[in-house]
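The structure under discussion appears below in the form of structure tokens.
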Amino acid sequence: MSFLGTVREIREAFRRGDRRASDICEEALTAIEAQEPSLHAFNTVARDRALERARALDRERSRWADHPLAAVPVALKDNLSVRGMRTTASSRILEQYVPPFTATAVERLEAAGAIIVGKTNCDEFAMGSSTENSAFGPTRNPWALDRIPGGSSGGSAAAVAARMVPLALGSDTGGSIRQPAALCGIVGLKPSYGRVSRYGLLAYASSLDQIGPFARTVEEAAIALGVIAGADLKDSTSSREPVPDYAAALIERPAMCIGVPWKLLDEGIEPEVASAFRGALEVLRGSGVTIVDIELPHAAVAIPTYYLVATAEASANLARYDGVRFGYRSPFGGSTDLAGMYAQTRAQGFGAEVKRRIVLGTYVLSAGYYDAYYLKAQQVRTLIRRDYERAFARVDVVATPTSPTAAFKLGERSSDPLQMYLADVFTVSANLAGLPAVSVPCGFTTDRLPIGLHLTGRPFDETMVLAVAHHYEGQTTWARQAPPAAA
Ligand code: GLN
């Protein structure tokens with residue numbers, strides 16, 4: 001029933017002519033259909049477009065055969081624009097929005113032979129850590145249906161974990177790829193700031209947002225990154241730094257030195273997460289990797305810093321949803337003037353968490369509070385980046401758990417935003433400092449809930465981050481375990 005091929009297996013089968021792209025695509029669509037009622041990983045399944053695309057690949061097999069993602073079904077977080085395909089960011093305000101253009105990362109996937117099967121559920125405008133802030137209802141964790149899959153890219157993580165697709169894209173502003181990857185037992189990579197073009201990504205916090213892949217293995221994530229990375233004239237923040245062959249680089253095993261900021265790990269971590277983390281370090285040490293203690297003195301204030309910067313930028317980015325330019329407009333109702341129309345549109349179109357962040361963001365940017373909050377946060381952000389620079393003079397990657405807890409129950413934290421924000425304590429620093437970071441499975445709780453190992457690297461050194469993750473993965477069997485929902 002479920003879709004089990006890896007990227008490599010799929011493209012090889014297609015290349016040899018053993019399987020047609022349309023059969024592979026049907027298999028993914030069947031797996032989606034079977035599991036959607038229990039998981040709700042998707043906002044939109046683009047069945048006809050996907051099958052049409054698959055048939056086009058079949059008609060020209062020799063042309064596509066050697067492409068890195070030939071015939072590979074891929075799911076996209078619903079904040080990535082695809083021309084002609086509804087793109088909602090899981091918000092009422094964009095419920096009927098159909099973009100007239102396609103995100104560069106998505107164009108590159110298709111140019112590499114991928115088949116887009118649909119758009120996945122997420123927290124509204126990528127604001128959240130559980131996918132419960134979606135206007136269209138939550139996604140469930142394939143390992144335990146009464147639990148959240150993490151967020152905000154929870155639908156993409158659940159779709160890959162449940163073997164609906166081998167690959168998905170998400171976006172990560174403060175952990176939204178890595179945390180759901182950890183909670184769903186798969187690999188999730190946030191590239192360096194500027195590594196992947198954001199053209200066509202619905203902006204949340206522009207100095208933090210990055211697009212990145214979810215996959216079951218590090219190698220597949222590396223293949224996907226190689227496809228989507230690189231300069232783009234349509235995004236002036238995209239870097240011209242050359243794109244290495246990330247997947248080929250995995251064959252080498254460089255000398256590795258890992259730094260662990262033990263002080264950060266003193267409190268607030270579930271015992272089972274802490275012991276899985278220590279176990280992962282033992283495995284690495286036992287395989288010849290050097291592990292040293294480091295300090296990241298300012299990481300302790302990364303959460304407040306992040307929530308000032310992110311909400312400030314969000315309040316500016318979301319100003320465009322005014323009922324005129326995109327999506328939903330309130331029927332004029334009681335109001336008679338333009339300001340009233342804006343207010344009603346936004347009152348009806350945005351959910352509670354988005355409103356909370358817009359209010360907080362405009363507050364920290366306001367004349368009276370700018371210096372005390374926004375400016376201060378930017379200064380602390382610099383200190384956080386410098387901590388990492390110092391650490392990377394001694395070590396190649398920094399390791400922590402990805403999330404302080406395993407997946408929590410649906411509804412458990414919905415009424416307590418501060419508690420929800422703490423889910424990001426180990427992930428937001430990489431965004432604030434612009435660094436690449438990956439989450440790779442490193443164990444399970446006694447309730448069979450996945451746990452993730454988080455590795456952060458130097459700017460544009462995705463190669464090292466992936467190398468350490470790949471090396472670790474090779475010493476363990478976590479990546480081969482499937483959740484009950486997919487079995
Ligand atoms: N959970 C964080 C937030 O709510 C991160 C979200 C993200 O990375 N998009 O802002």
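Identifiers in the structure tokens: chain A, B, ... in order shown; residue index from 1 per chain; ligand index from 1 in order shown.
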
Quiz prompt | Contacts of Tyr374 (chain A) within 12 Å, only C-alpha atoms, excl. fewer than 3 positions in-chain, as a list in words | solution = Pro304, Thr305, Tyr306, Tyr307, Leu308, Val309, Ala310, Thr311, Ala312, Glu313, Leu360, Gly361, Thr362, Tyr363, Val364, Leu365, Ser366, Ala367, Gly368, Tyr369, Tyr370, Asp371, Ala377, Gln378, Gln379, Val380 and Arg381 of chain A

Write the residues of the selection above to a file with C-alpha atoms, as an mmCIF file, in the first residue's frame.
```cif
data_model
loop_
_atom_site.group_PDB
_atom_site.id
_atom_site.type_symbol
_atom_site.label_atom_id
_atom_site.label_comp_id
_atom_site.auth_asym_id
_atom_site.auth_seq_id
_atom_site.Cartn_x
_atom_site.Cartn_y
_atom_site.Cartn_z
ATOM 1 C CA PRO A 304 13.279 35.944 22.707
ATOM 2 C CA THR A 305 15.662 37.334 20.083
ATOM 3 C CA TYR A 306 14.042 35.212 17.401
ATOM 4 C CA TYR A 307 10.484 36.147 18.383
ATOM 5 C CA LEU A 308 11.313 39.863 18.207
ATOM 6 C CA VAL A 309 13.019 39.673 14.804
ATOM 7 C CA ALA A 310 10.555 37.202 13.292
ATOM 8 C CA THR A 311 7.406 39.022 14.406
ATOM 9 C CA ALA A 312 8.771 42.416 13.293
ATOM 10 C CA GLU A 313 9.478 41.075 9.820
ATOM 11 C CA LEU A 360 3.685 41.986 18.560
ATOM 12 C CA GLY A 361 5.725 42.829 15.446
ATOM 13 C CA THR A 362 4.223 46.270 14.927
ATOM 14 C CA TYR A 363 4.703 46.955 18.647
ATOM 15 C CA VAL A 364 8.437 46.156 18.631
ATOM 16 C CA LEU A 365 8.899 48.295 15.515
ATOM 17 C CA SER A 366 6.936 51.251 16.884
ATOM 18 C CA ALA A 367 8.784 54.526 17.487
ATOM 19 C CA GLY A 368 8.720 54.249 21.267
ATOM 20 C CA TYR A 369 9.913 50.639 21.508
ATOM 21 C CA TYR A 370 12.157 50.129 18.478
ATOM 22 C CA ASP A 371 15.415 50.738 20.376
ATOM 23 C CA ALA A 377 17.336 41.945 19.288
ATOM 24 C CA GLN A 378 19.471 42.719 16.249
ATOM 25 C CA GLN A 379 22.449 43.375 18.503
ATOM 26 C CA VAL A 380 21.969 40.110 20.350
ATOM 27 C CA ARG A 381 21.624 38.395 17.004
#
```

Self-check item: 12 Å contact set for Ala274 (chain A), only C-alpha atoms, chain neighbours under 2 positions out, as a PyMOL selection string
Solution: chain A and resi 262+264-272+276-281+400-406+442-445+451-453

Which neighbours of Asp293 (chain A) fall inside 12 Å, counting only C-alpha atoms, when residues of the same chain fewer than 5 positions from it are skipped, and could you give them as a short mmCIF file (atom, residue, chain, number, x, y, z; two decimals) with all heavy atoms, in the first residue's frame?
```cif
data_model
loop_
_atom_site.label_atom_id
_atom_site.label_comp_id
_atom_site.auth_asym_id
_atom_site.auth_seq_id
_atom_site.Cartn_x
_atom_site.Cartn_y
_atom_site.Cartn_z
N CYS A 257 35.12 16.99 13.72
CA CYS A 257 35.16 17.37 15.13
C CYS A 257 33.84 18.03 15.49
O CYS A 257 33.41 19.00 14.84
CB CYS A 257 36.33 18.32 15.38
SG CYS A 257 36.40 18.86 17.08
N ILE A 258 33.18 17.47 16.49
CA ILE A 258 31.84 17.96 16.88
C ILE A 258 31.92 18.68 18.22
O ILE A 258 32.54 18.18 19.16
CB ILE A 258 30.86 16.77 16.99
CG1 ILE A 258 30.73 16.09 15.63
CG2 ILE A 258 29.50 17.24 17.50
CD1 ILE A 258 29.74 14.94 15.62
N GLY A 259 31.31 19.84 18.30
CA GLY A 259 31.24 20.58 19.56
C GLY A 259 29.86 20.43 20.18
O GLY A 259 28.84 20.47 19.48
N VAL A 260 29.81 20.24 21.50
CA VAL A 260 28.53 20.13 22.20
C VAL A 260 28.43 21.24 23.26
O VAL A 260 29.26 21.31 24.16
CB VAL A 260 28.39 18.74 22.88
CG1 VAL A 260 27.04 18.63 23.57
CG2 VAL A 260 28.58 17.63 21.85
N PRO A 261 27.43 22.12 23.15
CA PRO A 261 27.26 23.19 24.14
C PRO A 261 26.51 22.68 25.36
O PRO A 261 25.33 22.95 25.54
CB PRO A 261 26.44 24.23 23.36
CG PRO A 261 25.64 23.42 22.38
CD PRO A 261 26.43 22.17 22.07
N TRP A 262 27.23 21.94 26.24
CA TRP A 262 26.56 21.22 27.33
C TRP A 262 25.72 22.11 28.22
O TRP A 262 24.68 21.70 28.70
CB TRP A 262 27.59 20.44 28.16
CG TRP A 262 28.01 19.18 27.47
CD1 TRP A 262 29.25 18.92 26.95
CD2 TRP A 262 27.20 18.03 27.20
NE1 TRP A 262 29.26 17.67 26.36
CE2 TRP A 262 28.01 17.10 26.50
CE3 TRP A 262 25.86 17.69 27.46
CZ2 TRP A 262 27.54 15.87 26.06
CZ3 TRP A 262 25.39 16.46 27.03
CH2 TRP A 262 26.24 15.56 26.34
N LYS A 263 26.20 23.33 28.43
CA LYS A 263 25.48 24.21 29.36
C LYS A 263 24.04 24.47 28.91
O LYS A 263 23.12 24.59 29.71
CB LYS A 263 26.22 25.54 29.48
CG LYS A 263 26.57 25.88 30.90
CD LYS A 263 27.17 27.24 31.06
CE LYS A 263 28.46 27.13 31.85
NZ LYS A 263 29.47 28.09 31.45
N LEU A 264 23.88 24.54 27.59
CA LEU A 264 22.55 24.78 27.02
C LEU A 264 21.61 23.61 27.29
O LEU A 264 20.39 23.74 27.22
CB LEU A 264 22.69 24.88 25.50
CG LEU A 264 22.57 26.19 24.78
CD1 LEU A 264 22.49 25.92 23.29
CD2 LEU A 264 21.32 26.94 25.24
N LEU A 265 22.22 22.45 27.52
CA LEU A 265 21.42 21.22 27.60
C LEU A 265 21.09 20.85 29.04
O LEU A 265 20.60 19.76 29.32
CB LEU A 265 22.18 20.08 26.92
CG LEU A 265 22.70 20.39 25.52
CD1 LEU A 265 23.49 19.23 24.94
CD2 LEU A 265 21.55 20.74 24.58
N LEU A 281 25.95 10.62 20.52
CA LEU A 281 27.34 11.09 20.67
C LEU A 281 28.28 9.90 20.90
O LEU A 281 29.39 9.85 20.37
CB LEU A 281 27.46 12.08 21.82
CG LEU A 281 26.73 13.41 21.64
CD1 LEU A 281 26.92 14.29 22.87
CD2 LEU A 281 27.19 14.15 20.38
N ALA A 391 33.08 29.17 17.91
CA ALA A 391 33.00 27.71 18.03
C ALA A 391 33.58 27.04 16.77
O ALA A 391 34.31 26.05 16.86
CB ALA A 391 31.55 27.27 18.24
N ARG A 394 37.11 25.97 16.23
CA ARG A 394 37.59 24.73 16.87
C ARG A 394 36.91 23.47 16.35
O ARG A 394 37.47 22.38 16.40
CB ARG A 394 37.34 24.80 18.38
CG ARG A 394 38.16 25.85 19.10
CD ARG A 394 37.78 25.87 20.57
NE ARG A 394 37.91 24.54 21.20
CZ ARG A 394 37.11 24.10 22.17
NH1 ARG A 394 36.14 24.86 22.63
NH2 ARG A 394 37.29 22.90 22.69
N VAL A 395 35.64 23.59 15.95
CA VAL A 395 34.88 22.38 15.59
C VAL A 395 34.24 22.54 14.21
O VAL A 395 34.10 23.67 13.72
CB VAL A 395 33.77 22.08 16.64
CG1 VAL A 395 34.37 21.93 18.03
CG2 VAL A 395 32.70 23.17 16.64
N VAL A 397 31.13 20.96 13.34
CA VAL A 397 29.68 21.11 13.52
C VAL A 397 29.36 21.19 15.00
O VAL A 397 30.15 20.74 15.85
CB VAL A 397 28.86 19.94 12.90
CG1 VAL A 397 29.06 19.82 11.41
CG2 VAL A 397 29.17 18.64 13.59
N VAL A 398 28.20 21.76 15.30
CA VAL A 398 27.71 21.84 16.67
C VAL A 398 26.52 20.89 16.78
O VAL A 398 25.62 20.91 15.93
CB VAL A 398 27.27 23.28 17.01
CG1 VAL A 398 26.58 23.33 18.36
CG2 VAL A 398 28.48 24.21 16.99
N ALA A 399 26.52 20.05 17.82
CA ALA A 399 25.44 19.07 17.98
C ALA A 399 24.59 19.38 19.22
O ALA A 399 25.12 19.72 20.27
CB ALA A 399 26.01 17.67 18.10
N THR A 400 23.28 19.26 19.05
CA THR A 400 22.31 19.31 20.16
C THR A 400 21.17 18.36 19.77
O THR A 400 21.14 17.87 18.64
CB THR A 400 21.69 20.73 20.32
OG1 THR A 400 20.97 21.07 19.13
CG2 THR A 400 22.73 21.80 20.60
#
```

Exercise. Grab me every residue within 7 Å of ligand 1, counting only C-alpha atoms and all ligand atoms, and send it over as number ranges by chain.
Key: A: 126-129, 151-152, 171-177, 310, 421, 424

Suppose we keep N, CA and C atoms; can you now write the selection as a short mmCIF file (atom, residue, chain, number, x, y, z; two decimals), in the first residue's frame?
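As written to disk, selection-v6.cif reads:
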```cif
data_model
loop_
_atom_site.label_atom_id
_atom_site.label_comp_id
_atom_site.auth_asym_id
_atom_site.auth_seq_id
_atom_site.Cartn_x
_atom_site.Cartn_y
_atom_site.Cartn_z
N ALA A 126 3.35 29.68 8.09
CA ALA A 126 4.54 29.03 8.68
C ALA A 126 4.80 29.49 10.11
N MET A 127 3.76 29.94 10.79
CA MET A 127 3.92 30.40 12.16
C MET A 127 3.41 29.36 13.13
N GLY A 128 4.34 28.57 13.67
CA GLY A 128 3.94 27.57 14.64
C GLY A 128 4.93 26.42 14.67
N SER A 129 4.68 25.51 15.61
CA SER A 129 5.58 24.37 15.79
C SER A 129 4.82 23.05 15.84
N GLY A 151 6.00 21.32 13.46
CA GLY A 151 5.62 22.36 12.50
C GLY A 151 6.72 23.37 12.35
N SER A 152 6.57 24.30 11.44
CA SER A 152 5.32 24.50 10.75
C SER A 152 5.14 23.60 9.53
N SER A 171 9.73 25.01 4.42
CA SER A 171 10.48 26.24 4.66
C SER A 171 10.80 26.29 6.14
N ASP A 172 11.90 26.94 6.46
CA ASP A 172 12.41 26.93 7.83
C ASP A 172 12.83 28.35 8.20
N THR A 173 12.10 28.94 9.13
CA THR A 173 12.38 30.30 9.59
C THR A 173 13.00 30.26 10.98
N GLY A 174 12.62 29.23 11.75
CA GLY A 174 13.16 29.08 13.10
C GLY A 174 13.24 27.61 13.49
N GLY A 175 13.03 26.72 12.53
CA GLY A 175 13.08 25.29 12.85
C GLY A 175 12.05 24.46 12.12
N SER A 176 11.28 25.11 11.26
CA SER A 176 10.10 24.47 10.67
C SER A 176 10.37 23.33 9.71
N ILE A 177 11.64 23.10 9.35
CA ILE A 177 11.95 21.86 8.63
C ILE A 177 12.53 20.84 9.62
N ALA A 310 11.50 37.88 14.18
CA ALA A 310 10.56 37.20 13.29
C ALA A 310 9.21 37.93 13.26
N TYR A 421 6.46 28.10 21.85
CA TYR A 421 7.66 28.74 21.31
C TYR A 421 8.94 28.02 21.78
N ASP A 424 11.35 25.49 19.87
CA ASP A 424 12.38 25.90 18.90
C ASP A 424 13.71 26.25 19.54
#
```

Quiz item: Could you pull the residues within 9 Å of Asn141 (chain A), counting only C-alpha atoms, minus those fewer than 5 positions along the same chain, as number ranges by chain?
Solution: A: 39, 146-150, 154, 157-158, 161-162, 183-184, 407, 485

Quiz prompt | Residue with smallest distance to Lys190 (chain A) - pool A:Ala437, A:Ala50, A:Ala469, A:Leu169, counting only C-alpha atoms | solution =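 With only C-alpha atoms as the atom set, the closest residue is A:Ala437.
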
Quiz prompt | Residue contacts of Tyr328 (chain A) (8 Å, only C-alpha atoms) excluding same-chain residues fewer than 4 positions away, as a PyMOL selection string | solution = chain A and resi 92-97+323+345+349

Go ahead and save the picked residues with C-alpha atoms, as an mmCIF file, in the first residue's frame.
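Output saved as selection-v1.cif:
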```
data_model
loop_
_atom_site.group_PDB
_atom_site.id
_atom_site.type_symbol
_atom_site.label_atom_id
_atom_site.label_comp_id
_atom_site.auth_asym_id
_atom_site.auth_seq_id
_atom_site.Cartn_x
_atom_site.Cartn_y
_atom_site.Cartn_z
ATOM 1 C CA ARG A 92 -8.292 31.606 5.011
ATOM 2 C CA ILE A 93 -6.966 34.797 3.495
ATOM 3 C CA LEU A 94 -5.380 32.809 0.636
ATOM 4 C CA GLU A 95 -7.889 29.954 0.535
ATOM 5 C CA GLN A 96 -8.683 30.563 -3.127
ATOM 6 C CA TYR A 97 -5.362 32.105 -4.209
ATOM 7 C CA GLY A 323 -8.071 42.381 0.411
ATOM 8 C CA THR A 345 -10.570 41.392 5.563
ATOM 9 C CA GLY A 349 -8.843 36.173 6.989
#
```

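Here the question is which of A:Ile303, A:Met464, A:Ile228, A:Leu435 gets nearest to Leu418 (chain A) using only C-alpha atoms, and that residue is A:Ile303.
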
Quiz item: How would you write, as a PyMOL selection string, the set of residues in region 94-320 of chain A that DSSP gives as strand (DSSP E or B)?
Solution: chain A and resi 115-120+141+144+147+167-172+187-190+196+201+210-215+229+257-260+290-293

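Nearest residue to Asn79 (chain A), choosing from A:Ala13, A:Ala203, A:Ala433, A:Leu109 and counting only C-alpha atoms: A:Ala203.
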
Exercise. Give me, please, the distance in Å between CA of Thr290 (chain A) and CA of Ala302 (chain A), quoted to one decimal.
Key: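 These atoms are spaced 26.7 Å apart.
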
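When only C-alpha atoms are used to compute distances to Val160 (chain A), the closest of the residues A:Tyr388, A:Tyr204, A:Phe214, A:Tyr246 turns out to be A:Phe214.
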
Self-check item: Option closest in space to Ala31 (chain A), from A:Thr476, A:Glu132, A:Met164, A:Ala486 [counting only C-alpha atoms]
Solution: A:Met164

Exercise. Run DSSP on the backbone and give me the residues of region 157-241 of chain A it puts in helix (DSSP H, G or I), as a ChimeraX atom specification.
Key: /A:157-161,178-184,218-228

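Distances to Arg108 (chain A) were evaluated for A:Leu455, A:Leu225, A:Val425, A:Val468 using only C-alpha atoms, and the minimum falls at A:Leu225.
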